[in-house]
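Below: data00.txt (compact mmCIF, C-alpha atoms and all ligand atoms)
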```txt
# COMPACT_ATOMS: atom_id res chain seq x y z
CA MET A 1 30.17 156.14 -82.01
CA SER A 2 28.86 154.92 -85.29
CA ARG A 3 25.98 156.69 -86.94
CA ASN A 4 23.98 155.16 -89.74
CA ARG A 5 20.66 155.68 -91.47
CA THR A 6 18.43 153.96 -93.97
CA ARG A 7 18.24 155.32 -97.49
CA THR A 8 16.10 154.18 -100.37
CA ILE A 9 17.94 153.65 -103.64
CA SER A 10 16.87 152.47 -107.07
CA CYS A 11 18.55 149.61 -108.88
CA GLN A 12 20.58 150.94 -111.81
CA ARG A 13 19.62 147.88 -113.84
CA CYS A 14 15.94 147.09 -113.20
CA GLY A 15 14.78 150.23 -111.36
CA LYS A 16 13.48 148.41 -108.27
CA SER A 17 13.62 150.56 -105.10
CA PHE A 18 15.06 149.09 -101.93
CA ASP A 19 16.46 150.22 -98.57
CA VAL A 20 20.16 150.26 -97.77
CA LEU A 21 22.12 151.24 -94.68
CA ILE A 22 24.37 154.30 -95.06
CA TRP A 23 27.07 155.01 -92.47
CA ASP A 24 27.74 158.71 -91.87
CA SER A 25 30.34 157.68 -89.36
CA LEU A 26 31.77 154.31 -88.54
CA ASN A 27 33.60 153.27 -85.41
CA ALA A 28 35.76 150.28 -86.20
CA ASP A 29 36.02 149.32 -82.53
CA THR A 30 32.29 149.05 -81.93
CA ASP A 31 31.46 147.72 -85.41
CA PRO A 32 34.31 145.34 -86.23
CA GLU A 33 32.21 143.43 -88.76
CA GLN A 34 31.89 146.61 -90.84
CA ARG A 35 35.65 147.05 -90.62
CA GLU A 36 36.06 143.58 -92.09
CA GLU A 37 33.62 144.45 -94.87
CA ILE A 38 35.77 147.48 -95.70
CA LYS A 39 38.89 145.30 -95.83
CA LYS A 40 37.15 142.85 -98.16
CA GLY A 41 35.76 145.62 -100.37
CA THR A 42 32.15 144.58 -99.72
CA PHE A 43 31.21 147.40 -97.33
CA ASN A 44 29.59 149.68 -99.92
CA ARG A 45 28.23 147.00 -102.27
CA TYR A 46 24.48 146.55 -102.38
CA LYS A 47 22.67 143.75 -104.15
CA CYS A 48 19.30 144.39 -105.73
CA PRO A 49 16.72 142.00 -104.20
CA GLU A 50 14.84 141.90 -107.50
CA CYS A 51 17.46 141.21 -110.17
CA GLY A 52 20.62 140.53 -108.17
CA PHE A 53 22.58 143.40 -109.72
CA THR A 54 25.23 144.70 -107.32
CA MET A 55 25.72 148.42 -107.00
CA ILE A 56 28.75 150.11 -105.50
CA LEU A 57 27.85 153.33 -103.68
CA GLN A 58 30.23 156.08 -102.65
CA TYR A 59 29.24 158.56 -99.96
CA ALA A 60 30.84 160.70 -97.27
CA CYS A 61 31.79 158.72 -94.18
CA LEU A 62 34.01 159.37 -91.20
CA TYR A 63 35.90 156.20 -90.31
CA THR A 64 37.42 156.02 -86.83
CA ASP A 65 39.65 153.25 -85.53
CA MET A 66 40.70 154.30 -82.08
CA SER A 67 42.50 151.06 -81.30
CA HIS A 68 44.94 151.85 -84.09
CA SER A 69 44.73 155.66 -83.74
CA LYS A 70 43.47 156.21 -87.26
CA GLN A 71 40.74 158.40 -88.59
CA VAL A 72 39.86 158.63 -92.27
CA PHE A 73 37.35 160.95 -93.87
CA VAL A 74 35.91 159.47 -97.08
CA ILE A 75 34.91 162.37 -99.38
CA PRO A 76 33.62 161.19 -102.78
CA SER A 77 32.35 164.59 -104.01
CA ASP A 78 33.31 168.26 -103.55
CA PHE A 79 36.59 166.96 -102.18
CA GLU A 80 38.52 170.21 -101.78
CA LYS A 81 35.57 172.13 -100.33
CA ARG A 82 34.57 169.48 -97.83
CA LEU A 83 38.14 168.83 -96.81
CA GLU A 84 38.64 172.52 -96.13
CA GLU A 85 35.44 172.63 -94.08
CA ALA A 86 36.42 169.56 -92.12
CA ASN A 87 39.81 170.99 -91.32
CA ARG A 88 38.42 174.42 -90.47
CA TYR A 89 36.06 172.89 -87.98
CA PHE A 90 38.51 170.32 -86.72
CA ASP A 91 38.49 171.64 -83.19
CA LEU A 92 34.73 171.81 -83.21
CA LEU A 93 34.50 168.26 -84.48
CA GLU A 94 36.75 167.11 -81.69
CA LYS A 95 34.66 168.85 -79.08
CA LYS A 96 31.22 168.00 -80.33
CA GLU A 97 31.16 164.82 -82.30
CA LEU A 98 34.42 163.12 -81.63
CA GLN A 99 35.20 163.76 -78.00
CA THR A 100 37.43 160.75 -77.76
CA VAL A 101 39.50 161.92 -80.71
CA ALA A 102 40.85 164.79 -78.64
CA ASP A 103 42.51 162.25 -76.39
CA ILE A 104 44.25 160.49 -79.21
CA ALA A 105 44.70 163.42 -81.61
CA ASP A 106 48.38 163.90 -80.99
CA ASN A 107 49.18 160.31 -81.90
CA CYS A 108 46.44 159.80 -84.41
CA SER A 109 46.84 159.66 -88.17
CA PHE A 110 44.13 161.71 -89.88
CA ARG A 111 43.61 161.08 -93.57
CA ALA A 112 41.20 162.15 -96.28
CA VAL A 113 40.45 159.81 -99.20
CA HIS A 114 38.20 160.00 -102.24
CA ASP A 115 36.31 156.73 -101.95
CA PHE A 116 35.90 153.45 -100.07
CA SER A 117 38.47 151.67 -102.21
CA GLU A 118 41.10 154.13 -101.00
CA LEU A 119 39.92 153.59 -97.42
CA ARG A 120 40.17 149.84 -97.97
CA GLU A 121 43.74 150.20 -99.19
CA LYS A 122 44.74 152.29 -96.15
CA VAL A 123 43.19 149.87 -93.66
CA ASN A 124 44.92 146.94 -95.35
CA MET A 125 48.26 148.77 -95.31
CA TRP A 126 47.98 149.56 -91.63
CA ASP A 127 46.78 146.08 -90.72
CA ASN A 128 49.82 144.61 -92.44
CA GLY A 129 52.15 146.84 -90.45
CA PHE A 130 52.95 149.36 -93.17
CA ASP A 131 53.08 153.12 -92.89
CA ASP A 132 50.78 154.62 -95.51
CA ALA A 133 53.05 157.61 -96.22
CA VAL A 134 56.10 155.39 -96.78
CA MET A 135 53.94 153.09 -98.90
CA GLU A 136 52.83 156.02 -101.06
CA LEU A 137 56.49 156.82 -101.73
CA TYR A 138 57.01 153.17 -102.61
CA LYS A 139 54.01 153.14 -104.93
CA ALA A 140 55.04 156.40 -106.62
CA MET A 141 58.54 155.09 -107.29
CA THR A 142 57.13 151.85 -108.67
CA ARG A 143 54.72 153.78 -110.84
CA VAL A 144 57.37 156.09 -112.28
CA TRP A 145 59.65 153.10 -112.85
CA LEU A 146 56.90 151.32 -114.80
CA GLU A 147 56.25 154.43 -116.87
CA THR A 148 59.85 155.09 -117.79
CA GLN A 149 61.10 151.65 -118.76
CA ASP A 150 62.81 152.01 -122.13
CA ASP A 151 60.91 149.52 -124.24
CA GLN A 152 57.73 148.76 -122.32
CA GLY A 153 56.97 151.87 -120.28
CA LYS A 154 53.43 153.22 -120.50
CA PRO A 155 51.36 155.73 -118.51
CA VAL A 156 49.91 154.49 -115.22
CA SER A 157 46.58 155.85 -114.02
CA LYS A 158 46.51 154.25 -110.60
CA ALA A 159 48.52 151.99 -108.31
CA PHE A 160 47.12 150.18 -105.26
CA PHE A 161 48.66 148.23 -102.41
CA SER A 162 46.94 144.88 -102.15
CA SER A 163 47.33 142.04 -99.70
CA GLU A 164 45.31 138.98 -100.64
CA ASN A 165 45.91 135.61 -99.04
CA GLY A 166 49.10 136.83 -97.41
CA LYS A 167 50.66 138.01 -100.69
CA ASP A 168 51.58 141.68 -100.88
CA GLU A 169 51.46 143.31 -104.30
CA ILE A 170 51.18 146.65 -106.00
CA GLU A 171 48.28 146.45 -108.43
CA VAL A 172 48.59 148.77 -111.39
CA LEU A 173 46.01 150.18 -113.74
CA PHE A 174 47.45 151.63 -116.95
CA GLU A 175 45.87 154.47 -118.87
CA ASP A 176 45.28 152.18 -121.85
CA GLY A 177 42.94 150.11 -119.67
CA SER A 178 45.27 147.19 -119.10
CA ALA A 179 45.99 146.11 -115.55
CA GLY A 180 48.52 144.02 -113.72
CA ALA A 181 50.50 143.69 -110.53
CA VAL A 182 54.11 143.78 -109.38
CA ASP A 183 55.37 141.85 -106.41
CA PHE A 184 55.96 143.88 -103.29
CA VAL A 185 59.69 144.06 -102.47
CA PRO A 186 60.19 144.26 -98.67
CA ASP A 187 63.87 145.29 -98.99
CA LEU A 188 62.91 148.29 -101.10
CA TYR A 189 60.24 149.29 -98.60
CA ARG A 190 62.83 149.05 -95.82
CA ASP A 191 65.27 151.21 -97.83
CA ILE A 192 62.63 153.87 -98.38
CA THR A 193 61.69 153.76 -94.69
CA ALA A 194 65.33 154.18 -93.66
CA LYS A 195 65.86 157.05 -96.04
CA TYR A 196 62.65 159.02 -95.58
CA SER A 197 60.54 158.04 -92.61
CA ALA A 198 62.28 160.17 -89.98
CA ASP A 199 61.56 163.31 -91.93
CA LEU A 200 58.26 162.21 -93.42
CA ASN A 201 56.14 163.26 -90.46
CA SER A 202 57.22 166.85 -90.94
CA ALA A 203 55.38 166.79 -94.27
CA LEU A 204 52.16 165.83 -92.49
CA LYS A 205 50.12 168.36 -90.56
CA SER A 206 48.83 167.52 -87.12
CA ARG A 207 45.12 167.86 -86.37
CA CYS A 208 44.32 167.98 -90.04
CA PHE A 209 43.02 165.42 -92.49
CA ASN A 210 46.10 164.84 -94.64
CA VAL A 211 45.81 163.65 -98.22
CA VAL A 212 48.51 161.01 -98.50
CA ASP A 213 48.44 159.89 -102.11
CA PHE A 214 50.48 159.89 -105.32
CA ASP A 215 50.68 163.70 -105.48
CA PHE A 216 51.82 163.81 -101.88
CA ALA A 217 54.58 161.34 -102.65
CA VAL A 218 55.76 163.15 -105.77
CA ASN A 219 55.71 166.53 -104.04
CA TYR A 220 57.63 165.13 -101.11
CA MET A 221 60.29 163.29 -103.07
CA GLY A 222 60.70 165.60 -106.03
CA GLY A 223 63.28 164.21 -108.47
CA ALA A 224 64.12 161.30 -106.17
CA VAL A 225 60.91 159.61 -107.27
CA THR A 226 62.85 158.10 -110.18
CA ASP A 227 65.39 156.36 -107.91
CA ILE A 228 64.06 152.87 -108.22
CA ASN A 229 64.78 149.66 -109.99
CA PRO A 230 62.79 146.92 -108.30
CA ASP A 231 63.83 143.45 -109.27
CA SER A 232 60.30 142.40 -109.95
CA GLU A 233 58.32 141.03 -112.82
CA ILE A 234 55.10 142.48 -114.13
CA VAL A 235 52.28 140.00 -113.85
CA GLU A 236 49.54 140.66 -116.35
CA GLY A 237 46.07 140.35 -114.97
CA THR A 238 42.89 142.18 -114.20
CA PHE A 239 41.41 143.74 -111.14
CA THR A 240 38.72 141.74 -109.45
ZN ZN A 301 17.61 145.24 -109.93
```
What would you get if you wrote out this structure as structure tokens?
Amino acid sequence: MSRNRTRTISCQRCGKSFDVLIWDSLNADTDPEQREEIKKGTFNRYKCPECGFTMILQYACLYTDMSHSKQVFVIPSDFEKRLEEANRYFDLLEKKELQTVADIADNCSFRAVHDFSELREKVNMWDNGFDDAVMELYKAMTRVWLETQDDQGKPVSKAFFSSENGKDEIEVLFEDGSAGAVDFVPDLYRDITAKYSADLNSALKSRCFNVVDFDFAVNYMGGAVTDINPDSEIVEGTFT
């Protein structure tokens, strides 16, 4: 069941106060329009009625998609502490708030992310038929490859899977502020799946919100993270 409430916020530009809807928990099955907003990246954007300035809010939200057996806890602040609490009380959560989760827990992927953009990325990965853990390995290898190219390597601060208009890409934000994207290479994804996916589940805990991100991928793969040479061109651009 979804649970939301009204909160009054002030515009960061003109100071006008207005009411917005905050979702403490969101059920993608009963609120599919909100799920679409998450996929588009508009879910947590709020436009000031006075000056039109759009604010992007981050707040804790439990996202449940029972049709796809996914549950994601969005934790924008006090990440480690709240994650520990959530996992400590996992059984309690199942019994009290999320009764239906108990039924699907054994087959459900539980994840913890830092913000709604990470949730958006996960939902888009899953909707396009990708495994998020395999994709994190893919992203980490791409990232290390970009950083270690002889003449043009530079530090990457973040890499995202993106699927816009049917085109899959890895968007990359470099530490120097520049951004771009590399084409997604399905053959490479298949190779990584063949090599790692059977064992990958052992790295994930059951009945626990797993953090499946860059650090997870690097820890899992160790030195193998450098084994990549995607035949792909860097497309300069900016994030939208
Ligand atoms: Zn305003």
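We find CA of Asp191 (chain A) and CA of Ser178 (chain A) to be spaced 29.5 Å apart.
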Can you build me a table of chain A residues sitting at most 12 Å from ligand ZN 301 (chain A), with the closest atom pair per residue and its distance in Å to one decimal, using all atoms listed in the file, sorted by chain and residue number, as JSON lines?
```
{"residue": "A:Ile9", "atom": "CA", "partner": "A:ZN301", "partner_atom": "ZN", "distance": 10.5}
{"residue": "A:Ser10", "atom": "CA", "partner": "A:ZN301", "partner_atom": "ZN", "distance": 7.8}
{"residue": "A:Cys11", "atom": "CA", "partner": "A:ZN301", "partner_atom": "ZN", "distance": 4.6}
{"residue": "A:Gln12", "atom": "CA", "partner": "A:ZN301", "partner_atom": "ZN", "distance": 6.7}
{"residue": "A:Arg13", "atom": "CA", "partner": "A:ZN301", "partner_atom": "ZN", "distance": 5.1}
{"residue": "A:Cys14", "atom": "CA", "partner": "A:ZN301", "partner_atom": "ZN", "distance": 4.1}
{"residue": "A:Gly15", "atom": "CA", "partner": "A:ZN301", "partner_atom": "ZN", "distance": 5.9}
{"residue": "A:Lys16", "atom": "CA", "partner": "A:ZN301", "partner_atom": "ZN", "distance": 5.5}
{"residue": "A:Ser17", "atom": "CA", "partner": "A:ZN301", "partner_atom": "ZN", "distance": 8.2}
{"residue": "A:Phe18", "atom": "CA", "partner": "A:ZN301", "partner_atom": "ZN", "distance": 9.2}
{"residue": "A:Tyr46", "atom": "CA", "partner": "A:ZN301", "partner_atom": "ZN", "distance": 10.3}
{"residue": "A:Lys47", "atom": "CA", "partner": "A:ZN301", "partner_atom": "ZN", "distance": 7.8}
{"residue": "A:Cys48", "atom": "CA", "partner": "A:ZN301", "partner_atom": "ZN", "distance": 4.6}
{"residue": "A:Pro49", "atom": "CA", "partner": "A:ZN301", "partner_atom": "ZN", "distance": 6.6}
{"residue": "A:Glu50", "atom": "CA", "partner": "A:ZN301", "partner_atom": "ZN", "distance": 5.0}
{"residue": "A:Cys51", "atom": "CA", "partner": "A:ZN301", "partner_atom": "ZN", "distance": 4.0}
{"residue": "A:Gly52", "atom": "CA", "partner": "A:ZN301", "partner_atom": "ZN", "distance": 5.9}
{"residue": "A:Phe53", "atom": "CA", "partner": "A:ZN301", "partner_atom": "ZN", "distance": 5.3}
{"residue": "A:Thr54", "atom": "CA", "partner": "A:ZN301", "partner_atom": "ZN", "distance": 8.1}
{"residue": "A:Met55", "atom": "CA", "partner": "A:ZN301", "partner_atom": "ZN", "distance": 9.2}
```
Considering all atoms listed in the file, can you say which of A:Arg45, A:Lys154, A:Arg111, A:Arg82 comes closest to Thr64 (chain A)?
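Of all the options, A:Arg111 lies closest to Thr64 (chain A).
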Test item: residues at most 12 Å from Tyr138 (chain A), only C-alpha atoms, excluding those fewer than 5 positions along its chain, as an NGL selection string
:A and (130-133 or 143-145 or 159-161 or 169-170 or 182 or 184-193 or 195-197 or 213-214 or 216-218 or 221 or 224-230)
Per residue of region 163-230 of chain A within 12 Å of region 36-40 of chain A, note the shortest atom pair and the distance in Å to one decimal, counting all atoms listed in the file, and order the rows by chain and increasing residue number, as JSON lines.
```
{"residue": "A:Ser163", "atom": "CA", "partner": "A:Lys39", "partner_atom": "CA", "distance": 9.8}
{"residue": "A:Glu164", "atom": "CA", "partner": "A:Lys40", "partner_atom": "CA", "distance": 9.4}
{"residue": "A:Asn165", "atom": "CA", "partner": "A:Lys40", "partner_atom": "CA", "distance": 11.4}
```
Export of prior selection with C-alpha atoms as a PDB file, in the frame of the given file:
```
ATOM      1  CA  SER A 163      47.330 142.040 -99.700  1.00  0.00           C
ATOM      2  CA  GLU A 164      45.310 138.980-100.640  1.00  0.00           C
ATOM      3  CA  ASN A 165      45.910 135.610 -99.040  1.00  0.00           C
TER       4      ASN A 165
END
```
Could you check how far CA of Asn44 (chain A) sits from CA of Val74 (chain A), in Å to one decimal?
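Those two atoms sit 12.0 Å apart.
For the pair CA of Asn210 (chain A) and CA of Val113 (chain A), the interatomic distance is 8.8 Å.
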Judged by only C-alpha atoms, the minimum distance to Leu26 (chain A) among A:Ala179, A:Ala203, A:Ala198, A:Cys61 is found for A:Cys61
Between A:Leu83, A:Met1, A:Asp168, A:Lys158, which one has atoms that come closest to Gly129 (chain A), using all atoms listed in the file?
A:Asp168
